[in-house]
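Undergrad: Quick one: the structure is below, and I'll ask about it shortly.
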Amino acid sequence: MVQNTERRIALVDAAIEVLARDGARGLTFRAVDAEAGVPKGTASNYFANRDDLLNQVGAHIHRKLALDPAEPAAAQLPPSRELLTELMRALYRLISEDRTGWLALLELRLEATRRPELQAALTKTLRENLSLNVEGHRESGMPGDEMTTVLLYYAMSGLILEHLTVPEVLSGYDEDALIETFVTRSLGT
């Protein structure tokens, strides 16, 4: 396989665009080549097969959607309910700004229901992501426990799903207030 890292990332980014726009069935090497603006056959030189491409897309999306620990809110507040709320809001903004990445991840999740190898890889990535969130919460001195992290993880996932797929469901609700309520209730306060 070819090792030009910048070209590989450009191809993975193109695959994310195709996946979000056309779904998993539309994700072909030819579609990736066209989206990336490279000669036909380029993607097949970088990825062993479609499963390899899907796995690399999943890993890349999770890196892109990770909240930077140097988020400005983290530098201004001590570990507290307020800081946790601000971090959840920052996460919501980050993911909202990368709608394509999140929709591609949703497509990957759906495709994983039909592809055992992809399901295994995605399960591993998502478990690691959840574990890192639990560990990071514990090490940060934030209020709450492991269950706080799990509750927030799934509450935020649901909110993001609605916001990025059928936003009118949330009309009449203030997302910032919902996030604050998620944090407050998950802490039991």
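Chains: A, B, ... in order of the structure tokens. Residues: from 1 per chain. Ligands: from 1, in order shown.
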Need the shell around Ser96 (chain A): protein/DNA/RNA residues with any atom at most 12 Å away, counting only C-alpha atoms. Skip same-chain ones fewer than 2 positions apart. Format as a PyMOL selection string?

TA: chain A and resi 65+89-94+98-103+156-157+159-165+167+175

Undergrad: Need the shell around Leu53 (chain A): protein/DNA/RNA residues with any atom at most 12 Å away, counting only C-alpha atoms. Skip same-chain ones fewer than 2 positions apart. Format as a ChimeraX atom specification?

TA: /A:8-9,11-16,19,24,27-29,32,43-51,55-60,108,118,121

Undergrad: Rounded to one decimal, what separation in Å do you get between CA of Leu83 (chain A) and CA of Met142 (chain A)?

TA: 8.2 Å

Undergrad: Between A:Gly26, A:Glu6, A:Ile179, A:Ser171, which is the closest to Leu151 (chain A) once you count only C-alpha atoms?

TA: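 Closest residue, counting only C-alpha atoms: A:Ile179.
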
Undergrad: Which parts of region 41-154 of chain A does DSSP call alpha helix (DSSP H) when run on the backbone here, written out as a ChimeraX atom specification?

TA: /A:42-46,50-64,72-76,81-97,99-112,116-140,146-154

Undergrad: Work out how far apart CA of Val166 (chain A) and CA of Leu132 (chain A) are and give it in Å to one decimal.

TA: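 According to the coordinates, CA of Val166 (chain A) and CA of Leu132 (chain A) are separated by 29.0 Å.
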
Undergrad: Residues near Phe182 (chain A), anyone? I mean within 8 Å using only C-alpha atoms, not counting same-chain ones fewer than 3 positions away, as a PyMOL selection string.

TA: chain A and resi 152+155+178-179+185-186

Undergrad: Output all heavy atoms for every residue in the selection just made, as a PDB file, in the first residue's frame.

TA:
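out_0.pdb, written as the output of this step:
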```pdb
ATOM      1  N   LEU A 152     -24.142  11.026  30.515  1.00  0.00           N
ATOM      2  CA  LEU A 152     -23.889  12.186  29.657  1.00  0.00           C
ATOM      3  C   LEU A 152     -23.527  11.758  28.236  1.00  0.00           C
ATOM      4  O   LEU A 152     -23.949  12.383  27.259  1.00  0.00           O
ATOM      5  CB  LEU A 152     -22.796  13.071  30.253  1.00  0.00           C
ATOM      6  CG  LEU A 152     -23.220  13.887  31.459  1.00  0.00           C
ATOM      7  CD1 LEU A 152     -22.024  14.600  32.072  1.00  0.00           C
ATOM      8  CD2 LEU A 152     -24.307  14.882  31.080  1.00  0.00           C
ATOM      9  N   ALA A 155     -26.859  10.748  26.649  1.00  0.00           N
ATOM     10  CA  ALA A 155     -27.754  11.903  26.529  1.00  0.00           C
ATOM     11  C   ALA A 155     -27.255  12.825  25.410  1.00  0.00           C
ATOM     12  O   ALA A 155     -28.053  13.266  24.562  1.00  0.00           O
ATOM     13  CB  ALA A 155     -27.828  12.664  27.849  1.00  0.00           C
ATOM     14  N   LEU A 178     -30.946  22.264  27.771  1.00  0.00           N
ATOM     15  CA  LEU A 178     -31.009  20.800  27.825  1.00  0.00           C
ATOM     16  C   LEU A 178     -29.687  20.220  28.328  1.00  0.00           C
ATOM     17  O   LEU A 178     -29.682  19.327  29.179  1.00  0.00           O
ATOM     18  CB  LEU A 178     -31.329  20.223  26.439  1.00  0.00           C
ATOM     19  CG  LEU A 178     -32.756  20.357  25.947  1.00  0.00           C
ATOM     20  CD1 LEU A 178     -32.852  19.905  24.488  1.00  0.00           C
ATOM     21  CD2 LEU A 178     -33.704  19.544  26.808  1.00  0.00           C
ATOM     22  N   ILE A 179     -28.595  20.726  27.804  1.00  0.00           N
ATOM     23  CA  ILE A 179     -27.277  20.229  28.218  1.00  0.00           C
ATOM     24  C   ILE A 179     -27.059  20.485  29.705  1.00  0.00           C
ATOM     25  O   ILE A 179     -26.588  19.606  30.429  1.00  0.00           O
ATOM     26  CB  ILE A 179     -26.157  20.855  27.353  1.00  0.00           C
ATOM     27  CG1 ILE A 179     -26.275  20.329  25.913  1.00  0.00           C
ATOM     28  CG2 ILE A 179     -24.780  20.564  27.940  1.00  0.00           C
ATOM     29  CD1 ILE A 179     -25.431  21.058  24.903  1.00  0.00           C
ATOM     30  N   ARG A 185     -28.908  16.655  36.229  1.00  0.00           N
ATOM     31  CA  ARG A 185     -29.611  15.411  36.595  1.00  0.00           C
ATOM     32  C   ARG A 185     -28.684  14.209  36.661  1.00  0.00           C
ATOM     33  O   ARG A 185     -28.886  13.331  37.480  1.00  0.00           O
ATOM     34  CB  ARG A 185     -30.777  15.179  35.659  1.00  0.00           C
ATOM     35  CG  ARG A 185     -31.855  16.233  35.881  1.00  0.00           C
ATOM     36  CD  ARG A 185     -33.115  15.923  35.148  1.00  0.00           C
ATOM     37  NE  ARG A 185     -34.098  16.980  35.402  1.00  0.00           N
ATOM     38  CZ  ARG A 185     -35.290  16.989  34.869  1.00  0.00           C
ATOM     39  NH1 ARG A 185     -35.670  16.011  34.060  1.00  0.00           N
ATOM     40  NH2 ARG A 185     -36.126  17.974  35.130  1.00  0.00           N
ATOM     41  N   SER A 186     -27.685  14.172  35.799  1.00  0.00           N
ATOM     42  CA  SER A 186     -26.752  13.027  35.864  1.00  0.00           C
ATOM     43  C   SER A 186     -25.925  13.083  37.150  1.00  0.00           C
ATOM     44  O   SER A 186     -25.480  12.040  37.647  1.00  0.00           O
ATOM     45  CB  SER A 186     -25.835  13.001  34.645  1.00  0.00           C
ATOM     46  OG  SER A 186     -24.910  14.066  34.671  1.00  0.00           O
TER      47      SER A 186
END
```

Undergrad: Could you work out how far CA of His62 (chain A) lies from CA of Ala31 (chain A), giving the answer in Å with one decimal?

TA: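 Taking CA of Ala31 (chain A) as the start and CA of His62 (chain A) as the end point, the length is 22.2 Å.
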
Undergrad: Between A:Leu105, A:Ala10, A:Met147, A:Val183, which one has atoms that come closest to Leu122 (chain A), using only C-alpha atoms?

TA: A:Leu105
